[in-house]
2 protein chains.
Amino acid sequence: MSNETQGLELRSLVKSSGELELSLATVSHPEPGPDEILVRVQASPINPSDLGLLLGPIDVAQAKMSGPADRPVTTAPIQPAFMRAMAARADESMPVGNEGAGEVIKAGANAQHLLGKTVAMLGGAMYAQYRLLKAADVLVLPAGATAADGASCFVNPLTALGMVETMKMEGHKALVHTAAASNLGQMLNKVCIKDGVDLVNIVRSPEQAKILTDIGAKYVVDSTAPDFMEALIKALAATGATLAFDAIGGGKLAGQILSGMEVAANMTAKTYSRYGSTTYKQVYIYGGLNTGPTELNRAFGMSWGLGGWLLTPFLMKVGAEAAGKLRQRVLDELKTTFASHYSHEISLAETLNPEIMAGYNRRATGEKYLINPSKGLS
Amino acid sequence: MSNETQGLELRSLVKSSGELELSLATVSHPEPGPDEILVRVQASPINPSDLGLLLGPIDVAQAKMSGPADRPVTTAPIQPAFMRAMAARADESMPVGNEGAGEVIKAGANAQHLLGKTVAMLGGAMYAQYRLLKAADVLVLPAGATAADGASCFVNPLTALGMVETMKMEGHKALVHTAAASNLGQMLNKVCIKDGVDLVNIVRSPEQAKILTDIGAKYVVDSTAPDFMEALIKALAATGATLAFDAIGGGKLAGQILSGMEVAANMTAKTYSRYGSTTYKQVYIYGGLNTGPTELNRAFGMSWGLGGWLLTPFLMKVGAEAAGKLRQRVLDELKTTFASHYSHEISLAETLNPEIMAGYNRRATGEKYLINPSKGLS
C-alpha cells in the first residue's frame with residue numbers, strides 16, 4: 001500500500017510557441033522525511049508578487065477557459081515581444097504561490113509535535129491542496145489564529161518591517177512609500193505609527209488618501225493632485241525622508257521623489273554646489289504596477305541611487321537571527337499590526353476563471369484575494 | 001605700500017532676470033599666510049565637469065560678446081524652464097575652473113621650500129591669473145614636467161583610478177565605460193591594461209572605436225552599430241563586467257547596459273527566477289553628455305542599482321591615505337599613463353568668445369582645450 005498523498009497543484013506554463021497555459025495538475029507527495037511535514041493548505045493569498053509568475057505578461061482579456069469545471073485549463077497568447085523575457089521559464093510547468101497556511105496532517109519522526117497544528121509557510125507552490133516542507137521552515141500560529149489569519153504572515157509583514165529596517169541600516173530617518181493605500185501600505189503605516197517613524201504616503205486618489213488618514217497616517221500626498229510636487233516637497237522637508245520604496249516602477253514618480261528630496265535638502269543648504277546637495281537620496285523599486293519605462297530627468301544632483309529591492313535578499317543580508325526577530329514580531333502582532341483582510345475567497349479552479357482573474361489582476365485598493373485550495377472539492 | 005597681487009579671474013554669473021553673464025573680474029590676492037602660497041596659473045583645462053558651472057544651461061549659439069577685446073563681457077539668455085535649477089546660484093558671481101598648474105611666486109613662512117616650483121592644484125577658481133591656496137593642497141610636479149603636463153593631473157587621472165578602485169571595493173571584476181574614447185576614457189584604458197582589468201568600452205562611432213583599439217583596448221562596442229546589443233552582451237559575458245560608469249546619462253544606454261549584464265548573467269543561471277538573476281548589476285552616472293531623461297525599461301530583474309558618482313565624495317570615502325597613494329601614482333606616471341594632450345590653448349578672454357566657446361562646448365573626441373591665463377596679457 002502506498003503512503004503517498006495525492007492532490008491538485010496549480011501550474012503555470014509558458015509554451016515556447018507563445019502561449020500561457022494554466023492548469024491543475026495532480027501531484028503525489030511522499031511520506032514526510034524525519035524532519036519534514038505535510039500540510040493541507042487552507043489559505044494562500046494572491047500577492048502582487050505572485051502575479052508575475054502566475055500570469056506572465058498576458059492580457060487577461062484574451063484568456064480562454066476550457067475543460068471540466070473542476071479541472072479547467074486556461075490559455076492566453078503571449079505577445080512575441082515578451083517572449084525573450086520568458087525564455088528562461090519556457091516549457092517548464094511551474095507551481096505558484098509564495099506563502100500560505102494550513103494544518104499539519106503528517107509529520108516525520110522529529111516533527112511529531114507539529115501534528116494537528118496550524119502553520120504558516122513561505123516557499124512557493126502554495127496554490128495546492130498539499131505542501132510537503134521542512135518543519136524548520138514553518139511558523140506555528142498562535143492559539144486562536146486561523147489559517148486565513150496566518151496566510152499572509154510572511155510577504156507583506158516582513159516587507160513592511162524590512163523597509164523600516166533598511167531605513168535604519170542605511171542611515172535614513174524617515175520613509176516615503178508609493179501605492180501607499182495597498183494592503184502592504186496600510187501595514188507599513190501601522191508599523192511606522194507604532195515605531196514612531198515618519199512616513200510620507202503617496203497615493204493616487206482622494207479615496208486612497210482617506211483610507212490612510214483614517215488609520216492615522218500623518219503625511220499623505222496625492223500624485224494626481226495639481227499641487228502634488230509642492231505637497232510632496234513640504235512633506236519631505238517636514239520629515240527629512242531621504243529613502244523611498246516604490247511599488248509603481250514605471251513613469252516619472254521615482255524621479256519626482258528624488259527631485260523633491262533634492263529640493264527639500266537644498267532648503268537648508270548654505271552654499272551653491274554645481275553637483276547638487278550632498279544629501280544622499282535613495283529610491284528602491286520593489287514592484288511594477290506601471291510596467292512602462294522608468295523616466296528620470298536627473299534634476300536631483302549627483303548624490304542619489306535607484307535600485308531594485310526584494311524581501312529574500314534583504315532577509316539573507318540581515319542574517320538568520322535578525323530575520324527570526326522580525327518573524328516573531330509578526331506572530332506577536334498577527335491580529336493587530338499585521339492583520340490582513342480579504343475581499344474574496346476563491347478555489348483553485350476559480351483562480352483559472354478569466355472573469356475572476358480580471359478581478360485579482362486589477363490589484364485594486366481594498367480588494368485582496370485568498371485562495372482556499374479545499375474550496376469546491378469534496 | 002600694499003603687498004597685494006592683482007589679477008584677472010573669470011566669473012560666471014546667473015542673473016535672476018534670466019541671463020548668464022561671463023566676465024573677467026580684477027581680484028586682489030593678499031600676501032600668503034604662513035601655510036599658504038600664491039601661484040601664477042599657467043595652465044588649466046576645460047573639463048566636461050567645468051562646463052556646467054561655466055555655461056549653465058545656455059544655448060551657446062545665443063551668446064553675445066561685447067566690451068574691449070582684453071576685457072570682454074559675454075551674455076546669453078537662460079530659458080525660464082532652467083531657472084529653477086539655477087536658483088541656488090542666482091545673482092552670485094562664481095569663479096570657475098576645477099584644476100590647474102602653475103609657478104609658486106609667493107610663499108608663507110612655512111612654505112618657502114615651494115617658491116619657484118611648478119605645482120598642480122585642485123579646488124576651483126583656476127581660470128584666473130593667480131590662485132592663493134594652502135601649501136598642503138598642491139602637488140609638486142616632478143622635474144621636467146611643465147604646467148601643461150600637470151594641469152590635468154587631478155580630475156581625469158583620479159577619476160580613472162577611482163573607477164577601478166570602486167570596482168574593487170564593491171566586489172566587481174571588470175568594468176564598462178561609455179563615451180569611452182574621451183580623454184578620460186583613453187586614460188582608463190591605459191590604467192586597465194596596465195593593471196590587468198578587463199574593460200568594455202562603449203563608443204559612438206567607428207572612428208572612436210579605432211582610437212581605442214589603437215591603444216590596445218580589447219573590448220570595444222559601438223552603440224550606433226545595428227548589432228550593438230549582441231556585441232555588448234558578448235563582451236559582458238566574456239569579461240563578467242557588472243559595473244559601468246556612464247558619462248552620457250540621458251537616453252536608454254544605462255538601461256541597455258543593465259539589460260546586457262542581466263542577459264550575460266542568465267547565460268550561466270541554472271534555474272528560472274521570476275525576479276531575474278541574483279547577480280548584482282550597477283551603473284554609475286558620472287556625466288551628462290545627453291541632458292535628456294534617463295529611460296529604464298527595467299528588463300533586468302531586481303538585483304540592480306543606478307546612481308550618481310563623483311570624484312570628491314569617492315576620495316572622502318576612501319580616506320586621506322588611500323587618496324594620497326592614488327595621487328602619488330598620478331605623479332609617478334604623469335608622462336605615460338596619465339599624459340593629456342591638448343588641441344587648443346586659449347586665453348581667459350578667448351574663453352569668453354562665442355566662436356571658441358562653441359568649440360569647447362562641443363566636447364568632441366580628440367579636442368581638449370587648455371586655458372593659459374597668461375596668454376594675451378602683457
# chains A, B, ... in the order shown; residues from 1 in each chain; ligands from 1
call {"tool": "select_by_dssp", "arguments": {"residues": "region 231-281 of chain A", "states": "helix (DSSP H, G or I)", "output": "PyMOL selection string"}}
result
chain A and resi 231-239+253-266
call {"tool": "write_last_selection", "arguments": {"atoms": "N, CA and C atoms", "output": "compact mmCIF listing (two decimals), in the first residue's frame"}}
result
# COMPACT_ATOMS: atom_id res chain seq x y z
N ALA A 231 3.17 69.67 -2.41
CA ALA A 231 2.78 68.94 -1.20
C ALA A 231 3.84 67.89 -0.84
N LEU A 232 4.40 67.25 -1.88
CA LEU A 232 5.44 66.25 -1.62
C LEU A 232 6.67 66.89 -0.99
N ILE A 233 7.12 68.00 -1.58
CA ILE A 233 8.31 68.69 -1.07
C ILE A 233 8.09 69.12 0.39
N LYS A 234 6.89 69.62 0.67
CA LYS A 234 6.57 70.06 2.04
C LYS A 234 6.68 68.88 3.01
N ALA A 235 6.13 67.73 2.61
CA ALA A 235 6.17 66.54 3.48
C ALA A 235 7.60 66.03 3.63
N LEU A 236 8.37 66.09 2.53
CA LEU A 236 9.76 65.62 2.59
C LEU A 236 10.60 66.52 3.49
N ALA A 237 10.35 67.83 3.40
CA ALA A 237 11.09 68.77 4.24
C ALA A 237 10.70 68.58 5.71
N ALA A 238 9.43 68.33 5.97
CA ALA A 238 8.97 68.16 7.35
C ALA A 238 9.52 66.89 7.99
N THR A 239 9.64 65.84 7.20
CA THR A 239 10.06 64.55 7.74
C THR A 239 11.56 64.28 7.60
N LEU A 253 7.47 58.88 -11.44
CA LEU A 253 7.31 59.08 -9.99
C LEU A 253 8.62 58.93 -9.21
N ALA A 254 9.41 57.89 -9.52
CA ALA A 254 10.66 57.70 -8.78
C ALA A 254 11.55 58.94 -8.91
N GLY A 255 11.63 59.49 -10.12
CA GLY A 255 12.42 60.69 -10.35
C GLY A 255 11.84 61.91 -9.65
N GLN A 256 10.51 61.99 -9.61
CA GLN A 256 9.89 63.12 -8.90
C GLN A 256 10.20 63.06 -7.41
N ILE A 257 10.24 61.86 -6.87
CA ILE A 257 10.56 61.72 -5.45
C ILE A 257 12.00 62.17 -5.19
N LEU A 258 12.93 61.73 -6.06
CA LEU A 258 14.32 62.16 -5.90
C LEU A 258 14.44 63.68 -6.05
N SER A 259 13.72 64.25 -7.02
CA SER A 259 13.75 65.71 -7.20
C SER A 259 13.19 66.42 -5.97
N GLY A 260 12.09 65.90 -5.44
CA GLY A 260 11.50 66.50 -4.25
C GLY A 260 12.46 66.45 -3.07
N MET A 261 13.15 65.31 -2.91
CA MET A 261 14.13 65.18 -1.82
C MET A 261 15.26 66.19 -1.99
N GLU A 262 15.67 66.41 -3.26
CA GLU A 262 16.76 67.35 -3.53
C GLU A 262 16.34 68.77 -3.20
N VAL A 263 15.13 69.15 -3.60
CA VAL A 263 14.64 70.50 -3.28
C VAL A 263 14.56 70.66 -1.77
N ALA A 264 14.03 69.65 -1.09
CA ALA A 264 13.92 69.72 0.38
C ALA A 264 15.30 69.85 1.01
N ALA A 265 16.29 69.09 0.48
CA ALA A 265 17.65 69.16 1.04
C ALA A 265 18.27 70.53 0.82
N ASN A 266 17.99 71.13 -0.34
CA ASN A 266 18.59 72.43 -0.65
C ASN A 266 17.96 73.57 0.13
call {"tool": "select_by_dssp", "arguments": {"residues": "region 100-337 of chain A", "states": "strand (DSSP E)", "output": "PyMOL selection string"}}
result
chain A and resi 100-107+118-122+130-134+138-140+174-178+198-203+219-222+243-246+249-251+281-285+290-296+304-308
call {"tool": "interface_residues", "arguments": {"of": "chain A", "to": "chain B", "cutoff": "7 Å", "atoms": "only C-alpha atoms", "output": "JSON, numbers by chain"}}
result
{"A": [53, 88, 89, 272, 274, 292, 293, 294, 295, 296, 297, 298, 302, 303, 304, 305, 306, 307, 308, 309, 310]}
call {"tool": "residues_around", "arguments": {"residues": "His177 (chain B)", "least_positions_apart": "4", "cutoff": "6 Å", "atoms": "only C-alpha atoms", "output": "PDB file with N, CA and C atoms, in the first residue's frame"}}
result
ATOM      1  N   ASN B 201      34.532  48.937 -23.517  1.00  0.00           N
ATOM      2  CA  ASN B 201      34.419  50.323 -23.967  1.00  0.00           C
ATOM      3  C   ASN B 201      33.212  50.486 -24.886  1.00  0.00           C
ATOM      4  N   ALA B 244      29.289  49.593 -14.401  1.00  0.00           N
ATOM      5  CA  ALA B 244      29.534  50.519 -15.505  1.00  0.00           C
ATOM      6  C   ALA B 244      29.606  51.947 -14.995  1.00  0.00           C
ATOM      7  N   PHE B 245      30.445  52.749 -15.639  1.00  0.00           N
ATOM      8  CA  PHE B 245      30.488  54.186 -15.408  1.00  0.00           C
ATOM      9  C   PHE B 245      30.024  54.862 -16.691  1.00  0.00           C
ATOM     10  N   ASP B 246      28.983  55.666 -16.565  1.00  0.00           N
ATOM     11  CA  ASP B 246      28.317  56.223 -17.736  1.00  0.00           C
ATOM     12  C   ASP B 246      28.421  57.737 -17.750  1.00  0.00           C
TER      13      ASP B 246
END
call {"tool": "atom_distance", "arguments": {"atom1": "CA of Thr351 (chain B)", "atom2": "CA of Pro77 (chain B)"}}
result
17.9 Å
call {"tool": "residues_around", "arguments": {"residues": "Asn47 (chain A)", "least_positions_apart": "3", "cutoff": "10 Å", "atoms": "only C-alpha atoms", "output": "PyMOL selection string"}}
result
chain A and resi 44+50-52+97-99+152+155-156+183-184+360-361+363+368-370
call {"tool": "closest_residue", "arguments": {"among": "A:Val119, A:Met357, A:Ala63, A:Val27", "to": "Ala136 (chain A)", "atoms": "only C-alpha atoms"}}
result
A:Val119
